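Participant: File name final_14.txt; file contents compact mmCIF, C-alpha atoms; full text below.
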```txt
# COMPACT_ATOMS: atom_id res chain seq x y z
CA MET Q 1 0.00 0.00 0.00
CA ASP Q 2 1.39 3.39 -0.96
CA SER Q 3 0.28 6.65 0.56
CA VAL Q 4 1.97 9.60 -1.06
CA ALA Q 5 1.34 13.11 -0.11
CA SER Q 6 7.14 12.97 -1.77
CA PRO Q 7 25.53 8.87 3.28
CA LEU Q 8 22.86 8.13 0.74
CA LEU Q 9 23.60 9.43 -2.71
CA PRO Q 10 21.71 7.49 -5.38
CA PRO Q 11 23.36 7.04 -8.74
CA THR Q 12 20.57 8.77 -10.60
CA ASP Q 13 21.02 12.39 -11.57
CA THR Q 14 17.45 13.56 -12.02
CA ALA Q 15 14.67 13.91 -9.51
CA PRO Q 16 11.79 11.44 -9.95
CA LEU Q 17 8.28 12.50 -10.71
CA LEU Q 18 6.05 12.52 -7.68
CA PRO Q 19 3.58 9.62 -7.63
CA PRO Q 20 -0.13 10.40 -7.41
CA ALA Q 21 -1.72 10.96 -4.02
CA ASP Q 22 -3.56 8.07 -2.38
CA LYS Q 23 -4.41 8.55 1.26
CA ALA Q 24 -2.13 11.41 2.17
CA HIS Q 25 -1.49 14.81 0.74
CA LEU Q 26 1.80 16.35 -0.28
CA PRO Q 27 2.90 19.27 1.86
CA PRO Q 28 3.60 22.60 0.16
CA PRO Q 29 7.07 23.01 -1.36
CA ALA Q 30 8.33 24.92 1.64
CA ALA Q 31 6.88 26.02 4.92
CA ARG Q 32 6.44 29.75 5.23
CA ALA Q 33 9.16 31.58 7.06
CA PRO Q 34 8.31 33.25 10.36
CA THR Q 35 6.80 36.66 9.80
CA PRO Q 36 8.05 39.76 11.65
CA GLY Q 37 4.95 39.51 13.83
CA HIS Q 38 5.87 35.98 14.91
CA ARG Q 39 9.44 37.06 15.67
CA ALA Q 40 8.18 40.00 17.73
CA LEU Q 41 5.89 37.72 19.73
CA ASP Q 42 8.81 35.34 20.34
CA ARG Q 43 10.88 38.21 21.71
CA LEU Q 44 8.06 39.21 24.06
CA ASP Q 45 7.54 35.64 25.27
CA PRO Q 46 10.04 34.98 28.09
CA LEU Q 47 9.65 31.20 27.69
CA ALA Q 48 10.32 31.11 23.93
CA SER Q 49 14.11 30.94 24.29
CA VAL Q 50 13.77 28.33 27.05
CA ARG Q 51 11.59 26.16 24.80
CA ARG Q 52 14.05 26.46 21.91
CA ARG Q 53 16.97 25.50 24.12
CA PHE Q 54 15.06 22.54 25.53
CA GLN Q 55 14.13 21.36 22.02
CA ARG Q 56 17.75 21.59 20.87
CA TRP Q 57 18.93 19.67 23.94
CA TRP Q 58 16.24 17.05 23.42
CA GLN Q 59 17.04 16.56 19.73
CA GLU Q 60 20.77 16.19 20.43
CA ARG Q 61 19.96 13.21 22.64
CA LEU Q 62 18.30 11.35 19.77
CA PRO Q 63 20.54 8.92 17.82
CA PHE Q 64 20.98 9.10 14.06
CA CYS Q 65 19.42 6.13 12.25
CA ASP Q 66 17.71 5.41 8.93
CA SER Q 67 15.41 2.75 10.42
CA LEU Q 68 13.53 3.29 13.68
CA LEU Q 69 11.34 0.82 15.58
CA LEU Q 70 8.81 2.61 17.81
CA THR Q 71 8.72 1.12 21.30
CA GLN Q 72 7.72 2.28 24.77
CA ARG Q 73 11.16 3.88 25.17
CA ASN Q 74 10.77 6.36 22.30
CA VAL Q 75 6.98 6.92 22.12
CA TYR Q 76 5.41 9.59 24.34
CA ILE Q 77 1.81 10.38 25.28
CA LEU Q 78 0.03 13.41 26.75
CA PRO Q 79 -3.61 14.60 26.82
CA THR Q 80 -4.69 17.05 24.14
CA GLY Q 81 -6.78 20.15 24.74
CA ALA Q 82 -9.91 18.09 24.14
CA GLY Q 83 -8.61 15.51 26.62
CA TRP Q 84 -8.16 18.10 29.38
CA MET Q 85 -11.65 19.42 28.68
CA LEU Q 86 -13.01 15.87 28.93
CA ALA Q 87 -11.26 15.45 32.29
CA LEU Q 88 -12.78 18.70 33.56
CA THR Q 89 -16.23 17.61 32.37
CA LEU Q 90 -15.88 14.27 34.13
CA LEU Q 91 -14.89 16.05 37.33
CA VAL Q 92 -17.97 18.28 37.16
CA LEU Q 93 -20.19 15.26 36.48
CA LEU Q 94 -18.69 13.37 39.43
CA ILE Q 95 -19.19 16.31 41.83
CA ALA Q 96 -22.78 16.77 40.66
CA SER Q 97 -23.52 13.06 41.00
CA ILE Q 98 -22.12 12.99 44.54
CA ASN Q 99 -23.99 16.16 45.51
CA PHE Q 100 -27.39 15.05 44.18
CA GLN Q 101 -26.89 11.28 44.62
CA LEU Q 102 -27.58 10.54 40.95
CA ASN Q 103 -27.07 6.89 40.08
CA LEU Q 104 -27.38 7.59 36.37
CA GLY Q 105 -24.83 10.37 36.83
CA TYR Q 106 -22.38 7.87 38.34
CA LEU Q 107 -23.04 5.51 35.44
CA LEU Q 108 -22.43 8.19 32.82
CA THR Q 109 -19.31 9.51 34.57
CA PHE Q 110 -17.60 6.15 34.95
CA LEU Q 111 -18.68 5.04 31.46
CA LEU Q 112 -17.03 8.10 29.92
CA ALA Q 113 -13.96 7.73 32.15
CA GLY Q 114 -13.58 4.08 31.19
CA SER Q 115 -13.88 4.96 27.50
CA ALA Q 116 -11.17 7.59 27.89
CA VAL Q 117 -8.82 5.12 29.61
CA VAL Q 118 -9.40 2.49 26.91
CA GLY Q 119 -8.86 5.16 24.25
CA MET Q 120 -5.53 6.06 25.89
CA HIS Q 121 -4.25 2.48 25.56
CA VAL Q 122 -5.58 2.15 22.00
CA CYS Q 123 -3.94 5.45 21.00
CA HIS Q 124 -0.56 4.43 22.40
CA ALA Q 125 -0.72 0.99 20.77
CA ASN Q 126 -1.70 2.57 17.45
CA LEU Q 127 1.80 4.07 17.06
CA ARG Q 128 3.87 1.62 19.10
CA GLY Q 129 5.36 -1.23 17.05
CA ILE Q 130 5.63 0.65 13.73
CA THR Q 131 8.96 0.60 11.91
CA LEU Q 132 9.99 3.78 10.09
CA GLN Q 133 12.35 3.23 7.14
CA LEU Q 134 13.89 6.08 5.15
CA GLN Q 135 14.26 5.66 1.41
CA ALA Q 136 17.30 7.21 -0.27
CA PRO Q 137 16.73 10.85 -1.28
CA GLU Q 138 18.03 12.11 -4.60
CA PRO Q 139 20.18 15.22 -5.21
CA HIS Q 140 18.28 18.45 -5.75
CA PHE Q 141 19.09 22.02 -6.72
CA LEU Q 142 19.18 24.74 -4.10
CA GLY Q 143 16.00 26.79 -3.94
CA SER Q 144 13.66 23.94 -4.89
CA SER Q 145 11.68 21.75 -2.53
CA MET Q 146 13.38 18.44 -1.80
CA ALA Q 147 11.10 15.40 -1.48
CA PHE Q 148 11.96 12.12 0.23
CA LYS Q 149 9.94 9.03 1.13
CA VAL Q 150 9.38 7.25 4.43
CA GLN Q 151 8.04 3.70 4.60
CA LEU Q 152 5.89 2.62 7.55
CA SER Q 153 5.75 -1.12 8.28
CA SER Q 154 3.49 -2.95 10.73
CA ALA Q 155 3.56 -6.60 11.78
CA ARG Q 156 0.30 -6.38 13.75
CA ARG Q 157 -2.75 -8.25 12.53
CA SER Q 158 -5.00 -5.21 12.82
CA PRO Q 159 -4.67 -1.99 10.79
CA ARG Q 160 -3.41 1.29 12.19
CA HIS Q 161 -5.36 4.44 11.45
CA GLY Q 162 -4.56 8.13 11.49
CA ILE Q 163 -0.73 8.11 11.47
CA ALA Q 164 0.78 11.52 10.66
CA LEU Q 165 4.36 12.50 9.79
CA ALA Q 166 5.91 15.92 9.35
CA VAL Q 167 9.21 17.78 9.33
CA HIS Q 168 9.83 18.98 12.87
CA GLY Q 169 10.23 22.73 13.29
CA ALA Q 170 9.24 23.64 9.73
CA GLY Q 171 8.94 27.38 10.32
CA GLY Q 172 6.35 29.77 11.68
CA ALA Q 173 3.47 28.17 9.77
CA GLY Q 174 3.84 24.98 11.82
CA PRO Q 175 4.44 21.43 10.61
CA GLN Q 176 2.72 20.27 7.43
CA TRP Q 177 1.25 16.90 8.40
CA VAL Q 178 0.97 14.00 5.96
CA TRP Q 179 -1.66 11.48 7.09
CA THR Q 180 -1.87 7.81 6.19
CA ASP Q 181 -3.19 4.42 7.37
CA VAL Q 182 -1.00 1.35 7.73
CA PRO Q 183 -2.73 -1.92 6.76
CA ALA Q 184 -2.56 -5.08 8.86
CA GLN Q 185 0.83 -6.75 8.41
CA GLY Q 186 1.52 -4.36 5.57
CA GLN Q 187 3.33 -1.21 4.57
CA ALA Q 188 2.52 2.36 3.65
CA ARG Q 189 4.64 5.14 2.19
CA VAL Q 190 4.43 8.87 2.69
CA GLN Q 191 6.33 11.61 0.92
CA LEU Q 192 7.66 14.59 2.84
CA ALA Q 193 9.35 17.74 1.59
CA PHE Q 194 11.64 20.43 2.93
CA LYS Q 195 13.65 23.30 1.49
CA PRO Q 196 17.42 23.23 2.14
CA ALA Q 197 19.02 26.47 3.22
CA ARG Q 198 22.42 25.99 1.56
CA ARG Q 199 24.26 23.86 -0.97
CA GLY Q 200 26.49 20.90 -0.20
CA LEU Q 201 26.06 17.64 1.68
CA GLN Q 202 23.36 18.02 4.34
CA ARG Q 203 21.53 15.82 6.79
CA LEU Q 204 17.79 15.43 6.53
CA PRO Q 205 15.80 17.38 9.14
CA THR Q 206 14.33 15.85 12.27
CA LEU Q 207 10.97 14.18 11.65
CA THR Q 208 8.03 13.70 13.98
CA ALA Q 209 5.24 11.12 13.85
CA GLU Q 210 2.04 11.25 15.85
CA THR Q 211 -1.48 9.85 16.15
CA ARG Q 212 -4.64 10.85 18.02
CA PHE Q 213 -6.74 7.85 17.08
CA PRO Q 214 -9.41 6.92 18.18
CA LEU Q 215 -10.94 9.68 20.35
CA GLY Q 216 -8.54 12.59 19.92
CA SER Q 217 -8.24 13.02 23.68
CA PHE Q 218 -4.58 11.88 23.75
CA ARG Q 219 -1.61 12.70 21.55
CA VAL Q 220 1.04 10.01 21.01
CA TRP Q 221 4.19 11.15 19.23
CA THR Q 222 7.86 10.41 18.59
CA TYR Q 223 10.92 12.17 17.15
CA TRP Q 224 13.28 10.70 14.56
CA ARG Q 225 16.67 11.96 13.35
CA PRO Q 226 17.55 10.30 10.01
CA ALA Q 227 21.23 9.57 9.43
CA ALA Q 228 20.97 9.95 5.65
CA GLN Q 229 22.65 12.83 3.90
CA VAL Q 230 21.50 14.46 0.69
CA LEU Q 231 23.52 16.42 -1.84
CA VAL Q 232 22.22 19.90 -2.69
CA TYR Q 233 23.42 21.27 -6.03
CA PRO Q 234 23.97 25.03 -6.41
CA ALA Q 235 21.09 26.98 -7.91
CA PRO Q 236 21.91 27.91 -11.54
CA GLU Q 237 21.98 31.52 -12.60
CA VAL Q 238 18.78 32.66 -14.34
CA PRO Q 239 18.86 33.69 -17.14
CA ALA Q 240 21.89 31.62 -18.13
CA PRO Q 241 24.69 33.73 -19.69
CA PRO Q 242 26.35 32.67 -22.98
CA LEU Q 243 29.02 29.98 -22.78
CA PRO Q 244 32.65 31.14 -22.73
CA PRO Q 245 34.65 30.68 -25.97
CA SER Q 246 36.38 27.35 -26.50
CA ALA Q 247 40.18 27.16 -26.61
CA PRO Q 248 42.53 25.25 -28.99
CA LEU Q 249 43.91 21.93 -27.84
CA ALA Q 250 47.17 21.97 -25.92
CA ASP Q 251 49.06 20.11 -28.73
CA GLY Q 252 48.59 23.06 -31.08
CA SER Q 253 46.62 21.11 -33.66
CA GLY Q 254 44.05 23.86 -33.76
CA SER Q 255 46.46 26.13 -35.66
CA ALA Q 256 46.40 23.82 -38.69
CA VAL Q 257 42.84 24.83 -39.50
CA ALA Q 258 42.05 28.01 -41.32
CA GLN Q 259 40.32 30.20 -38.77
CA GLY Q 260 36.91 31.52 -39.71
CA SER Q 261 36.57 29.38 -42.83
CA GLY Q 262 33.30 27.84 -41.64
CA GLU Q 263 33.68 25.04 -44.18
CA PHE Q 264 33.12 21.33 -43.47
CA ASP Q 265 35.23 18.51 -44.83
CA GLY Q 266 32.23 16.20 -45.26
CA VAL Q 267 29.92 14.05 -43.17
CA ARG Q 268 30.52 11.14 -40.84
CA ALA Q 269 28.55 8.94 -38.44
CA TYR Q 270 27.22 10.69 -35.38
CA ARG Q 271 29.40 10.29 -32.29
CA ARG Q 272 28.17 10.83 -28.76
CA GLY Q 273 29.06 14.33 -27.65
CA ASP Q 274 28.76 15.97 -31.08
CA PRO Q 275 27.07 19.40 -30.92
CA LEU Q 276 23.48 19.36 -32.15
CA LYS Q 277 24.25 22.10 -34.66
CA LEU Q 278 26.55 19.69 -36.55
CA VAL Q 279 23.83 17.07 -37.09
CA VAL Q 280 22.61 16.85 -40.70
CA TRP Q 281 18.91 17.04 -39.92
CA LYS Q 282 17.69 16.47 -43.49
CA LYS Q 283 19.50 13.15 -43.70
CA ALA Q 284 18.40 12.35 -40.14
CA ALA Q 285 14.75 12.83 -41.14
CA LYS Q 286 15.19 10.49 -44.11
CA SER Q 287 16.89 7.89 -41.91
CA LEU Q 288 14.11 8.04 -39.33
CA ALA Q 289 11.51 7.73 -42.08
CA SER Q 290 13.21 4.67 -43.49
CA GLY Q 291 13.49 3.10 -40.03
CA SER Q 292 17.28 2.93 -39.87
CA GLY Q 293 17.63 5.72 -37.28
CA ASP Q 294 21.24 6.49 -38.29
CA LEU Q 295 22.43 10.04 -37.63
CA LEU Q 296 25.13 11.88 -39.56
CA SER Q 297 27.27 14.79 -38.41
CA ARG Q 298 29.25 17.33 -40.39
CA ASP Q 299 32.96 16.70 -40.09
CA ALA Q 300 34.36 19.96 -38.73
CA PRO Q 301 38.06 19.88 -37.80
CA GLN Q 302 37.74 23.35 -36.33
CA ILE Q 303 35.22 22.02 -33.82
CA ARG Q 304 37.03 18.78 -33.10
CA ARG Q 305 40.30 20.52 -32.34
CA HIS Q 306 38.87 22.92 -29.79
CA GLU Q 307 37.73 22.11 -26.25
CA LEU Q 308 35.44 23.97 -23.88
CA TRP Q 309 36.68 24.63 -20.35
CA LEU Q 310 34.42 26.11 -17.71
CA ASP Q 311 36.64 27.96 -15.29
CA LEU Q 312 35.64 29.72 -12.09
CA ALA Q 313 37.88 32.64 -13.11
CA GLN Q 314 35.78 33.16 -16.26
CA ALA Q 315 32.71 34.00 -14.17
CA ALA Q 316 33.52 37.66 -13.60
CA LEU Q 317 31.33 38.23 -10.56
CA PRO Q 318 32.33 39.59 -7.14
CA ASP Q 319 30.28 37.13 -5.08
CA PRO Q 320 31.76 33.60 -4.85
CA GLU Q 321 28.30 32.00 -4.68
CA ALA Q 322 27.23 33.96 -7.77
CA ARG Q 323 30.26 32.61 -9.65
CA ILE Q 324 29.36 29.05 -8.67
CA ALA Q 325 25.78 29.68 -9.79
CA ARG Q 326 27.07 30.87 -13.19
CA LEU Q 327 29.25 27.78 -13.59
CA THR Q 328 26.26 25.61 -12.71
CA ALA Q 329 24.22 27.32 -15.44
CA TRP Q 330 27.07 26.78 -17.92
CA VAL Q 331 27.31 23.08 -17.04
CA LEU Q 332 23.57 22.58 -17.62
CA GLN Q 333 23.68 24.60 -20.85
CA ALA Q 334 26.66 22.70 -22.26
CA ASP Q 335 25.02 19.39 -21.35
CA ARG Q 336 21.79 20.36 -23.13
CA MET Q 337 23.78 21.30 -26.25
CA GLY Q 338 25.66 17.99 -26.20
CA LEU Q 339 29.11 19.62 -25.95
CA ASN Q 340 32.30 18.16 -24.54
CA TYR Q 341 33.30 20.37 -21.64
CA GLY Q 342 35.67 20.35 -18.69
CA LEU Q 343 35.48 22.04 -15.30
CA ARG Q 344 38.26 23.89 -13.49
CA LEU Q 345 37.88 24.70 -9.78
CA PRO Q 346 40.39 25.88 -7.18
CA GLY Q 347 40.59 22.37 -5.72
CA GLY Q 348 41.20 20.58 -9.02
CA GLN Q 349 39.70 19.98 -12.41
CA ILE Q 350 37.48 17.50 -14.26
CA ALA Q 351 38.62 16.43 -17.72
CA PRO Q 352 36.36 17.24 -20.68
CA GLY Q 353 33.53 14.84 -21.27
CA ALA Q 354 29.82 14.59 -21.94
CA GLY Q 355 26.77 12.70 -20.81
CA ALA Q 356 24.71 12.33 -17.65
CA ALA Q 357 27.53 10.86 -15.54
CA HIS Q 358 29.88 13.71 -16.48
CA ARG Q 359 27.21 16.29 -15.67
CA ARG Q 360 26.64 14.66 -12.28
CA ARG Q 361 30.37 14.74 -11.49
CA CYS Q 362 30.55 18.44 -12.33
CA LEU Q 363 27.48 19.32 -10.28
CA GLU Q 364 28.80 17.35 -7.30
CA ALA Q 365 32.13 19.18 -7.53
CA LEU Q 366 30.34 22.54 -7.63
CA ALA Q 367 28.17 21.59 -4.66
CA LEU Q 368 31.12 20.54 -2.50
CA CYS Q 369 33.66 23.18 -3.51
```
I'd like the structure from this file rewritten - as structure tokens, please.
Facilitator:
Amino acid sequence: MDSVASPLLPPTDTAPLLPPADKAHLPPPAARAPTPGHRALDRLDPLASVRRRFQRWWQERLPFCDSLLLTQRNVYILPTGAGWMLALTLLVLLIASINFQLNLGYLLTFLLAGSAVVGMHVCHANLRGITLQLQAPEPHFLGSSMAFKVQLSSARRSPRHGIALAVHGAGGAGPQWVWTDVPAQGQARVQLAFKPARRGLQRLPTLTAETRFPLGSFRVWTYWRPAAQVLVYPAPEVPAPPLPPSAPLADGSGSAVAQGSGEFDGVRAYRRGDPLKLVVWKKAAKSLASGSGDLLSRDAPQIRRHELWLDLAQAALPDPEARIARLTAWVLQADRMGLNYGLRLPGGQIAPGAGAAHRRRCLEALALC
């Protein structure tokens, strides 16, 4: 059963499409940031800093793990607002029954109290025994919402209802809950999302799971700190600037070609990495119509004997992050055009190449530089 609302580095280089929603909804791409009004209220609240310090201390005590079994040691329970109101109502009913000697009042009071106690045990057992398993997140670009999946497994013979997961501390708007049901001796998946604040290799945020089934008078919850890390690529510059000019090969073979001639020696079979502008599209259309599917490229020595290097020094911008964003845009642009390109960074360089694997190597180097 799948319920989708979205160091682990998968080999894929593109983010998957989100599956359709089943029993849970996908949270918005990013929780809203705290407004100035919220920050002002936090400054006026003397207990706000104490709560934040306590939450940080509490989260530091939690171990990092990608699979968590919920037991009595890591599942907590407290009455909700409706639960405290029910307790107050039962107290008033008990006092009135004692004062007026109402047998039916005693019956109603203890019937409601017994239902609340049974609901407390059912609520705690609804979350206890579930195994939370994190599925590997994929690299994403900075500025976009990053989605990852969590699998909930249950070995109990009865289903579990009303299980909610969210990113803990997701801003002033509060957590965006994703609700699902776990079938008997089955599994369910939910998809969560968060927005990274910076590029590079980052840990996933702390997650929280809770339930209030069946009466809503008690809240049972737990905290989970995933150990997985996700790679955040730099955000590309928009709009992308033109690519820098290519340079002749180091062996000097580029000087043997008449510069600016613009003439082609002939045609040859298409090789991976050839620029799209060199493809003979008329012959390609005839080949596709005949069913052969063979592509031909113009043989251009001037193109073959030049190589494109993307250097951080070529991005003439004062801000280092802006220069990395420009190089990221150049990498994506050169990959779309099918060019062979190399990458030079202060910590080293990546030899010219093409294809999805080469693009992933360049983006990883830009994210970690």
Participant: Residues of range 158-239 of chain Q that have any atom at most 8 Å from an atom of range 43-59 of chain Q: could you tabulate them with the shortest-distance atom pair and the distance in Å to one decimal, using only C-alpha atoms, ordered by chain and increasing number, as a tab-separated table?
Facilitator:
```
residue	atom	partner	partner_atom	distance
Q:Thr206	CA	Q:Gln59	CA	8.0
Q:Tyr223	CA	Q:Gln59	CA	8.0
Q:Arg225	CA	Q:Gln59	CA	7.9
```
Participant: Only C-alpha atoms, please: the residues just picked out, written as a short mmCIF file (atom, residue, chain, number, x, y, z; two decimals), keeping the file's coordinate frame.
Facilitator:
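The resulting file, again-v3.cif, is reproduced below:
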```cif
data_model
loop_
_atom_site.label_atom_id
_atom_site.label_comp_id
_atom_site.auth_asym_id
_atom_site.auth_seq_id
_atom_site.Cartn_x
_atom_site.Cartn_y
_atom_site.Cartn_z
CA THR Q 206 14.33 15.85 12.27
CA TYR Q 223 10.92 12.17 17.15
CA ARG Q 225 16.67 11.96 13.35
#
```
Participant: Just how far from CA of Arg361 in chain Q is CA of Pro239 in chain Q, in Å to one decimal?
Facilitator: 22.9 Å
Participant: What does the distance from CA of Ser297 in chain Q to CA of Leu343 in chain Q come to in Å, to one decimal?
Facilitator: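 We find that CA of Ser297 in chain Q and CA of Leu343 in chain Q lie 25.6 Å from each other.
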Participant: Select, from Q:Gln101, Q:Ser158, Q:Ser217, Q:Thr180, the residue with the minimum atom-to-atom distance to Val117 in chain Q, counting only C-alpha atoms.
Facilitator: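 Closest residue, counting only C-alpha atoms: Q:Ser217.
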Participant: Identify, on the basis of all atoms listed in the file, every residue whose closest approach to Arg203 in chain Q does not exceed 9 Å; exclude the query and any residue fewer than 2 positions from it along the same chain; express the result as JSON, numbers by chain.
Facilitator: {"Q": [7, 201, 205, 226, 227, 228, 229, 230, 231]}
Participant: Separation of CA of Thr80 in chain Q and CA of Gly216 in chain Q, in Å?
Facilitator: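 For CA of Thr80 in chain Q relative to CA of Gly216 in chain Q, the distance reads 7.2 Å.
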Participant: Return the single residue from Q:Leu339, Q:Ala329, Q:Leu70, Q:Leu132 that is closest to Leu278 in chain Q, with distances computed using all atoms listed in the file.
Facilitator: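 Counting all atoms listed in the file, the residue closest to Leu278 in chain Q is Q:Leu339.
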Participant: With only C-alpha atoms as the atoms that count, which of Q:Val182, Q:Leu107, Q:Ala188, Q:Leu68 lies nearest to Thr131 in chain Q?
Facilitator: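 Ranked by minimum distance to Thr131 in chain Q, first place goes to Q:Leu68.
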Participant: Can you tell me, as a ChimeraX atom specification, what residues are no more than 8 Å from Lys149 in chain Q when counting only C-alpha atoms, ignoring any on the same chain fewer than 2 positions away?
Facilitator: /Q:6,134-137,147,151,189-192
Participant: Excluding Gly162 in chain Q and any residue of its chain fewer than 6 positions from it, enumerate the residues within 12 Å of it, using only C-alpha atoms, and give them as an NGL selection string.
Facilitator: :Q and (23-24 or 123 or 126-127 or 177-183 or 209-216 or 219-220)
Participant: Residues within 12 Å of Gly186 in chain Q, please, as a PyMOL selection string. Count all atoms listed in the file; anything in the same chain fewer than 5 positions from it doesn't count.
Facilitator: chain Q and resi 1-2+130-131+151-160+181
Participant: If we count only C-alpha atoms and set the cut-off at 8 Å, which residues sit around Met337 in chain Q, ignoring sequence neighbours fewer than 3 positions away in its own chain? Please answer as a ChimeraX atom specification.
Facilitator: /Q:275-276,333-334
Participant: Using only C-alpha atoms, which of the listed residues (Q:Ala184, Q:Leu207, Q:Leu295, Q:Ala82) sits closest to Ala166 in chain Q?
Facilitator: Q:Leu207
Participant: Every residue with an atom at most 9 Å from (30.6, 20.0, -7.7) (file coordinates; all atoms listed in the file) is what I'm after, so could you write them as a PyMOL selection string?
Facilitator: chain Q and resi 200+233-234+328+345+360-369
Participant: Once 8 Å is added on each side, what centre and edge lengths in Å to one decimal does the axis-aligned box around all listed atoms of range 321-324 of chain Q have, as AutoDock Vina command-line options?
Facilitator:
```
--center_x 28.7 --center_y 31.5 --center_z -7.2 --size_x 19.0 --size_y 20.9 --size_z 21.0
```
